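Structure data follow from model_22.tsv (TSV, C-alpha atoms):
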chain	number	residue	atom	x	y	z
A	1	MET	CA	5.24	20.55	-20.39
A	2	LYS	CA	8.48	21.76	-18.85
A	3	ALA	CA	9.27	22.24	-15.22
A	4	ARG	CA	11.68	25.04	-14.38
A	5	VAL	CA	12.82	25.08	-10.79
A	6	GLY	CA	16.15	26.51	-9.71
A	7	THR	CA	18.77	24.81	-11.87
A	8	LEU	CA	16.49	21.92	-12.79
A	9	GLN	CA	14.89	22.17	-16.22
A	10	SER	CA	13.48	19.18	-18.01
A	11	SER	CA	10.34	17.78	-19.55
A	12	ILE	CA	8.08	15.92	-17.16
A	13	CYS	CA	5.71	14.52	-19.80
A	14	GLY	CA	5.59	14.01	-23.51
A	15	GLY	CA	3.67	12.28	-26.23
A	16	GLY	CA	2.29	12.55	-29.66
A	17	ARG	CA	1.12	10.78	-32.76
A	18	TYR	CA	3.06	7.80	-34.02
A	19	ASP	CA	2.49	6.98	-37.70
A	20	ASP	CA	2.48	3.28	-38.53
A	21	LEU	CA	2.96	2.42	-34.83
A	22	THR	CA	1.95	-1.21	-35.27
A	23	GLY	CA	3.98	-1.71	-38.45
A	24	ILE	CA	6.80	-3.34	-36.51
A	25	PHE	CA	4.29	-6.00	-35.41
A	26	GLY	CA	3.02	-6.71	-38.93
A	27	LEU	CA	-0.17	-4.61	-38.85
A	28	LYS	CA	0.36	-1.92	-41.47
A	29	ASN	CA	-1.13	1.56	-41.78
A	30	MET	CA	-2.33	1.93	-38.22
A	31	SER	CA	-1.31	5.05	-36.35
A	32	GLY	CA	-1.35	5.54	-32.64
A	33	VAL	CA	-1.06	8.16	-29.97
A	34	GLY	CA	0.72	7.99	-26.68
A	35	ILE	CA	1.71	9.88	-23.57
A	36	SER	CA	4.43	9.37	-21.04
A	37	PHE	CA	5.17	10.89	-17.65
A	38	GLY	CA	8.73	11.17	-16.35
A	39	ALA	CA	8.23	9.88	-12.81
A	40	ASP	CA	11.89	10.35	-11.92
A	41	ARG	CA	11.78	13.97	-13.10
A	42	ILE	CA	8.58	14.67	-11.20
A	43	TYR	CA	10.25	13.19	-8.12
A	44	ASP	CA	13.28	15.47	-8.60
A	45	VAL	CA	11.05	18.56	-8.93
A	46	LEU	CA	9.12	17.62	-5.77
A	47	LEU	CA	12.35	17.16	-3.83
A	48	GLU	CA	13.91	20.41	-5.05
A	49	THR	CA	10.80	22.42	-4.21
A	50	ASN	CA	10.28	20.67	-0.84
A	51	LYS	CA	6.80	19.61	-1.90
A	52	PHE	CA	7.27	15.86	-1.57
A	53	PRO	CA	4.51	14.56	0.75
A	54	ALA	CA	6.03	13.64	4.11
A	55	GLU	CA	3.38	11.01	4.82
A	56	LEU	CA	4.04	9.09	1.61
A	57	GLY	CA	5.04	5.46	2.05
A	58	GLY	CA	4.00	4.94	5.65
A	59	SER	CA	0.27	5.21	5.43
A	60	THR	CA	-0.80	1.69	6.42
A	61	LYS	CA	-1.19	1.53	10.17
A	62	LEU	CA	-2.58	-1.99	10.61
A	63	LEU	CA	-1.89	-5.23	8.76
A	64	PHE	CA	-4.24	-8.18	9.17
A	65	ALA	CA	-2.23	-11.40	9.09
A	66	ASN	CA	-3.52	-14.10	6.76
A	67	PHE	CA	-4.00	-17.56	8.29
A	68	GLY	CA	-6.18	-18.99	5.53
A	69	GLU	CA	-9.46	-18.56	3.73
A	70	ALA	CA	-11.85	-18.67	6.71
A	71	GLU	CA	-9.75	-16.30	8.78
A	72	ALA	CA	-9.17	-13.96	5.82
A	73	MET	CA	-12.92	-13.72	5.15
A	74	HIS	CA	-13.46	-12.78	8.80
A	75	CYS	CA	-10.61	-10.24	8.61
A	76	LEU	CA	-12.18	-8.60	5.56
A	77	LYS	CA	-15.22	-7.65	7.64
A	78	LEU	CA	-13.01	-6.12	10.31
A	79	LEU	CA	-10.85	-4.47	7.66
A	80	ARG	CA	-13.87	-2.62	6.32
A	81	GLN	CA	-14.82	-1.41	9.82
A	82	VAL	CA	-11.28	-0.26	10.55
A	83	ARG	CA	-11.07	1.64	7.25
A	84	GLU	CA	-14.47	3.26	7.86
A	85	ALA	CA	-13.04	4.50	11.17
A	86	GLY	CA	-10.27	6.24	9.22
A	87	ILE	CA	-7.46	3.78	9.97
A	88	ALA	CA	-5.42	2.76	6.92
A	89	ALA	CA	-5.26	-1.03	6.96
A	90	GLU	CA	-4.69	-3.98	4.67
A	91	LEU	CA	-4.92	-7.76	4.65
A	92	TYR	CA	-1.81	-9.74	3.75
A	93	PRO	CA	-2.72	-11.28	0.37
A	94	ASP	CA	-1.50	-14.84	0.91
A	95	GLN	CA	-1.41	-17.50	3.59
A	96	VAL	CA	2.32	-17.70	4.28
A	97	LYS	CA	4.51	-18.12	7.34
A	98	MET	CA	4.05	-15.46	10.01
A	99	ALA	CA	7.72	-14.51	9.83
A	100	LYS	CA	7.25	-13.42	6.20
A	101	GLN	CA	4.12	-11.41	7.11
A	102	PHE	CA	5.92	-9.72	10.02
A	103	LYS	CA	8.88	-8.91	7.74
A	104	TYR	CA	6.46	-7.36	5.25
A	105	ALA	CA	5.01	-5.16	8.01
A	106	ASP	CA	8.51	-4.17	9.14
A	107	ASP	CA	9.66	-3.39	5.60
A	108	LYS	CA	6.61	-1.17	4.98
A	109	GLY	CA	6.80	0.51	8.40
A	110	ILE	CA	3.39	-0.81	9.47
A	111	PRO	CA	3.23	-0.34	13.25
A	112	TYR	CA	0.56	-2.94	14.11
A	113	VAL	CA	-0.30	-6.47	12.99
A	114	ALA	CA	-3.71	-7.96	13.81
A	115	ILE	CA	-3.55	-11.70	14.35
A	116	ILE	CA	-6.78	-13.64	14.06
A	117	GLY	CA	-6.19	-17.37	13.93
A	118	GLU	CA	-8.47	-20.25	14.83
A	119	ASN	CA	-8.28	-19.59	18.60
A	120	GLU	CA	-8.95	-15.87	18.21
A	121	LEU	CA	-11.95	-16.61	15.99
A	122	LYS	CA	-13.45	-18.93	18.63
A	123	GLN	CA	-12.88	-16.42	21.44
A	124	GLY	CA	-13.95	-13.31	19.48
A	125	ILE	CA	-10.64	-11.55	20.09
A	126	VAL	CA	-7.80	-10.05	18.07
A	127	THR	CA	-4.17	-10.35	19.09
A	128	VAL	CA	-2.49	-7.07	18.18
A	129	LYS	CA	1.28	-6.99	17.87
A	130	ASP	CA	3.07	-3.66	18.19
A	131	MET	CA	5.86	-4.04	15.65
A	132	ARG	CA	7.96	-1.32	17.26
A	133	THR	CA	8.09	-2.89	20.73
A	134	GLY	CA	7.22	-6.53	19.99
A	135	GLU	CA	4.48	-6.37	22.63
A	136	GLN	CA	1.32	-8.36	21.93
A	137	LYS	CA	-2.07	-7.89	23.55
A	138	ALA	CA	-5.41	-9.62	23.10
A	139	ILE	CA	-8.43	-7.34	22.74
A	140	LYS	CA	-12.07	-7.87	21.91
A	141	GLN	CA	-12.86	-7.48	18.22
A	142	ASP	CA	-15.27	-4.61	18.84
A	143	GLU	CA	-12.47	-2.72	20.65
A	144	LEU	CA	-9.96	-3.06	17.81
A	145	ILE	CA	-10.44	0.47	16.53
A	146	HIS	CA	-9.74	1.93	19.98
A	147	GLY	CA	-6.81	-0.45	20.56
A	148	ILE	CA	-4.83	1.00	17.66
A	149	HIS	CA	-3.22	4.28	18.68
Represent the structure of the file as structure tokens.
Amino acid sequence: MKARVGTLQSSICGGGRYDDLTGIFGLKNMSGVGISFGADRIYDVLLETNKFPAELGGSTKLLFANFGEAEAMHCLKLLRQVREAGIAAELYPDQVKMAKQFKYADDKGIPYVAIIGENELKQGIVTVKDMRTGEQKAIKQDELIHGIH
């Protein structure tokens, strides 16, 4: 398949049959098929035609910080509720220092971090940090969806 846009002309995918594909690994007489997409070429075509999605890369709006197994399990329940409300959210995968989790949010452009540690669990609240302003506010867990704007 070739893409022809303005001065840009190149293949964006290719493939075919490869006789004796596994021969280099010692398994003789076995053919194979394959396909490849040129991601960099597809990217170039999208840029040249102004069809690159503007919202790409900044979709996560809320990051749940990870304080450990018990807190993460609690956050997973809230994560599901937040996603069902149409808010793109994720849970940081590992229990690491908060500075690293905040840096991750900054690097990905995530505007809010939900902090639910031991104290928040006991009180039934979520501390929400606005990564743009640095402001933090404590809200009830059932108001989390309305607290993210």
Have a look at atom CA of A:Arg132 and atom CA of A:Thr60 and let me know their distance in Å, one decimal.
->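 Atom-to-atom, atom CA of A:Arg132 to atom CA of A:Thr60, that is 14.3 Å.
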For A:Val33, list every protein, DNA or RNA residue within 10 Å, evaluated using only C-alpha atoms, and leave out those in the same chain fewer than 3 positions away; present the list as a count of residues only.
-> 6
As a check of understanding: the span from atom CA of A:Asp94 to atom CA of A:Ile125 is 21.5 Å
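We find atom CA of A:Ser11 and atom CA of A:Thr49 to be spaced 16.0 Å apart.
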Around (3.3, 13.1, -20.7) in the file's frame, which residues reach within 9 Å when counting only C-alpha atoms? Return as a list in words?
-> Met1, Ser11, Ile12, Cys13, Gly14, Gly15, Gly34, Ile35, Ser36, Phe37 and Gly38 of chain A
Option closest in space to A:Leu91, from A:Gly68, A:Gly124, A:Gly134, A:Gly147 [counting all atoms listed in the file] |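 Looking only at the distances to A:Leu91, the closest residue turns out to be A:Gly68.
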Take every atom of stretch 48-51 of chain A listed in the file, pad by 6 Å on each side, and give me the axis-aligned box centre and edge lengths in Å, one decimal, as JSON.
{"center_x": 10.4, "center_y": 21.0, "center_z": -2.9, "size_x": 19.1, "size_y": 14.8, "size_z": 16.2}
Which of A:Leu121, A:Met131, A:Val82, A:Pro93 sits closest to A:Asp107 [using all atoms listed in the file] = A:Met131
Leaving out stretch 109-117 of chain A and any residue of its chain fewer than 3 positions from it, which residues lie within 6 Å of it when counting all atoms listed in the file, given as a list in words?
->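 Here the answer would be Gly58, Thr60, Lys61, Leu62, Leu63, Phe64, Ala65, Ala105, Asp106, Glu120, Val126, Thr127, Val128, Lys129, Asp130 and Met131 of chain A.
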Spatial neighbours of A:Thr22, max dist 10 Å, only C-alpha atoms, sep filter under 5 positions, as a ChimeraX atom specification = /A:27-32
May I have the residues from that selection written out with C-alpha atoms, as a CSV table (one decimal), in the coordinates of the input?
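Written output follows (part.csv):
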chain,number,residue,atom,x,y,z
A,27,LEU,CA,-0.2,-4.6,-38.8
A,28,LYS,CA,0.4,-1.9,-41.5
A,29,ASN,CA,-1.1,1.6,-41.8
A,30,MET,CA,-2.3,1.9,-38.2
A,31,SER,CA,-1.3,5.0,-36.4
A,32,GLY,CA,-1.4,5.5,-32.6
Written coordinates, N, CA and C atoms of stretch 23-56 of chain A as a PDB file, in the first residue's frame:
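Saved to out-v1.pdb:
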ATOM      1  N   GLY A  23      15.218 -21.303   8.670  1.00  0.00           N
ATOM      2  CA  GLY A  23      16.465 -21.972   8.329  1.00  0.00           C
ATOM      3  C   GLY A  23      17.665 -21.388   9.053  1.00  0.00           C
ATOM      4  N   ILE A  24      17.678 -20.091   9.275  1.00  0.00           N
ATOM      5  CA  ILE A  24      18.807 -19.478   9.983  1.00  0.00           C
ATOM      6  C   ILE A  24      18.866 -19.896  11.445  1.00  0.00           C
ATOM      7  N   PHE A  25      17.774 -20.490  11.954  1.00  0.00           N
ATOM      8  CA  PHE A  25      17.731 -20.952  13.339  1.00  0.00           C
ATOM      9  C   PHE A  25      17.861 -22.471  13.432  1.00  0.00           C
ATOM     10  N   GLY A  26      18.119 -23.139  12.298  1.00  0.00           N
ATOM     11  CA  GLY A  26      18.337 -24.569  12.307  1.00  0.00           C
ATOM     12  C   GLY A  26      17.114 -25.410  11.997  1.00  0.00           C
ATOM     13  N   LEU A  27      15.968 -24.825  11.802  1.00  0.00           N
ATOM     14  CA  LEU A  27      14.747 -25.568  11.475  1.00  0.00           C
ATOM     15  C   LEU A  27      14.506 -25.401   9.979  1.00  0.00           C
ATOM     16  N   LYS A  28      14.828 -26.435   9.217  1.00  0.00           N
ATOM     17  CA  LYS A  28      14.786 -26.344   7.758  1.00  0.00           C
ATOM     18  C   LYS A  28      13.380 -26.534   7.200  1.00  0.00           C
ATOM     19  N   ASN A  29      13.211 -26.036   5.974  1.00  0.00           N
ATOM     20  CA  ASN A  29      12.009 -26.221   5.182  1.00  0.00           C
ATOM     21  C   ASN A  29      10.731 -25.745   5.866  1.00  0.00           C
ATOM     22  N   MET A  30      10.809 -24.629   6.533  1.00  0.00           N
ATOM     23  CA  MET A  30       9.595 -24.063   7.119  1.00  0.00           C
ATOM     24  C   MET A  30       9.474 -22.626   6.624  1.00  0.00           C
ATOM     25  N   SER A  31       8.426 -22.356   5.912  1.00  0.00           N
ATOM     26  CA  SER A  31       8.189 -21.017   5.380  1.00  0.00           C
ATOM     27  C   SER A  31       7.428 -20.195   6.403  1.00  0.00           C
ATOM     28  N   GLY A  32       7.328 -18.945   6.137  1.00  0.00           N
ATOM     29  CA  GLY A  32       6.580 -18.062   7.017  1.00  0.00           C
ATOM     30  C   GLY A  32       6.011 -16.898   6.248  1.00  0.00           C
ATOM     31  N   VAL A  33       5.123 -16.203   6.874  1.00  0.00           N
ATOM     32  CA  VAL A  33       4.560 -14.983   6.299  1.00  0.00           C
ATOM     33  C   VAL A  33       4.695 -13.877   7.332  1.00  0.00           C
ATOM     34  N   GLY A  34       4.718 -12.670   6.864  1.00  0.00           N
ATOM     35  CA  GLY A  34       4.865 -11.554   7.784  1.00  0.00           C
ATOM     36  C   GLY A  34       4.299 -10.282   7.207  1.00  0.00           C
ATOM     37  N   ILE A  35       4.100  -9.328   8.090  1.00  0.00           N
ATOM     38  CA  ILE A  35       3.598  -8.005   7.700  1.00  0.00           C
ATOM     39  C   ILE A  35       4.257  -6.975   8.594  1.00  0.00           C
ATOM     40  N   SER A  36       4.449  -5.817   8.062  1.00  0.00           N
ATOM     41  CA  SER A  36       5.094  -4.743   8.808  1.00  0.00           C
ATOM     42  C   SER A  36       4.423  -3.426   8.451  1.00  0.00           C
ATOM     43  N   PHE A  37       4.259  -2.578   9.457  1.00  0.00           N
ATOM     44  CA  PHE A  37       3.715  -1.241   9.240  1.00  0.00           C
ATOM     45  C   PHE A  37       4.806  -0.222   9.512  1.00  0.00           C
ATOM     46  N   GLY A  38       4.936   0.759   8.651  1.00  0.00           N
ATOM     47  CA  GLY A  38       5.925   1.818   8.833  1.00  0.00           C
ATOM     48  C   GLY A  38       5.341   2.931   9.685  1.00  0.00           C
ATOM     49  N   ALA A  39       5.485   2.806  10.995  1.00  0.00           N
ATOM     50  CA  ALA A  39       4.891   3.780  11.917  1.00  0.00           C
ATOM     51  C   ALA A  39       5.402   5.192  11.656  1.00  0.00           C
ATOM     52  N   ASP A  40       6.702   5.325  11.364  1.00  0.00           N
ATOM     53  CA  ASP A  40       7.244   6.653  11.098  1.00  0.00           C
ATOM     54  C   ASP A  40       6.655   7.254   9.823  1.00  0.00           C
ATOM     55  N   ARG A  41       6.394   6.432   8.834  1.00  0.00           N
ATOM     56  CA  ARG A  41       5.796   6.932   7.590  1.00  0.00           C
ATOM     57  C   ARG A  41       4.330   7.315   7.793  1.00  0.00           C
ATOM     58  N   ILE A  42       3.627   6.499   8.555  1.00  0.00           N
ATOM     59  CA  ILE A  42       2.230   6.825   8.868  1.00  0.00           C
ATOM     60  C   ILE A  42       2.172   8.151   9.618  1.00  0.00           C
ATOM     61  N   TYR A  43       3.080   8.328  10.561  1.00  0.00           N
ATOM     62  CA  TYR A  43       3.175   9.588  11.312  1.00  0.00           C
ATOM     63  C   TYR A  43       3.403  10.770  10.367  1.00  0.00           C
ATOM     64  N   ASP A  44       4.341  10.621   9.422  1.00  0.00           N
ATOM     65  CA  ASP A  44       4.624  11.688   8.456  1.00  0.00           C
ATOM     66  C   ASP A  44       3.395  12.036   7.626  1.00  0.00           C
ATOM     67  N   VAL A  45       2.663  11.015   7.165  1.00  0.00           N
ATOM     68  CA  VAL A  45       1.452  11.248   6.369  1.00  0.00           C
ATOM     69  C   VAL A  45       0.409  11.992   7.199  1.00  0.00           C
ATOM     70  N   LEU A  46       0.225  11.573   8.450  1.00  0.00           N
ATOM     71  CA  LEU A  46      -0.753  12.249   9.319  1.00  0.00           C
ATOM     72  C   LEU A  46      -0.377  13.707   9.544  1.00  0.00           C
ATOM     73  N   LEU A  47       0.908  13.974   9.745  1.00  0.00           N
ATOM     74  CA  LEU A  47       1.345  15.362   9.935  1.00  0.00           C
ATOM     75  C   LEU A  47       1.130  16.196   8.678  1.00  0.00           C
ATOM     76  N   GLU A  48       1.521  15.653   7.518  1.00  0.00           N
ATOM     77  CA  GLU A  48       1.415  16.410   6.275  1.00  0.00           C
ATOM     78  C   GLU A  48      -0.032  16.706   5.896  1.00  0.00           C
ATOM     79  N   THR A  49      -0.932  15.811   6.250  1.00  0.00           N
ATOM     80  CA  THR A  49      -2.345  16.000   5.903  1.00  0.00           C
ATOM     81  C   THR A  49      -3.149  16.647   7.039  1.00  0.00           C
ATOM     82  N   ASN A  50      -2.457  17.055   8.094  1.00  0.00           N
ATOM     83  CA  ASN A  50      -3.108  17.671   9.266  1.00  0.00           C
ATOM     84  C   ASN A  50      -4.209  16.784   9.843  1.00  0.00           C
ATOM     85  N   LYS A  51      -3.975  15.501   9.878  1.00  0.00           N
ATOM     86  CA  LYS A  51      -4.961  14.573  10.417  1.00  0.00           C
ATOM     87  C   LYS A  51      -4.455  13.869  11.672  1.00  0.00           C
ATOM     88  N   PHE A  52      -3.371  14.383  12.251  1.00  0.00           N
ATOM     89  CA  PHE A  52      -2.856  13.803  13.480  1.00  0.00           C
ATOM     90  C   PHE A  52      -3.783  14.217  14.613  1.00  0.00           C
ATOM     91  N   PRO A  53      -4.280  13.260  15.398  1.00  0.00           N
ATOM     92  CA  PRO A  53      -5.236  13.591  16.470  1.00  0.00           C
ATOM     93  C   PRO A  53      -4.630  14.552  17.492  1.00  0.00           C
ATOM     94  N   ALA A  54      -5.294  15.663  17.721  1.00  0.00           N
ATOM     95  CA  ALA A  54      -4.794  16.669  18.656  1.00  0.00           C
ATOM     96  C   ALA A  54      -4.789  16.158  20.091  1.00  0.00           C
ATOM     97  N   GLU A  55      -5.729  15.290  20.434  1.00  0.00           N
ATOM     98  CA  GLU A  55      -5.848  14.832  21.816  1.00  0.00           C
ATOM     99  C   GLU A  55      -4.903  13.687  22.153  1.00  0.00           C
ATOM    100  N   LEU A  56      -4.119  13.240  21.225  1.00  0.00           N
ATOM    101  CA  LEU A  56      -3.227  12.118  21.446  1.00  0.00           C
ATOM    102  C   LEU A  56      -2.143  12.479  22.450  1.00  0.00           C
TER     103      LEU A  56
END
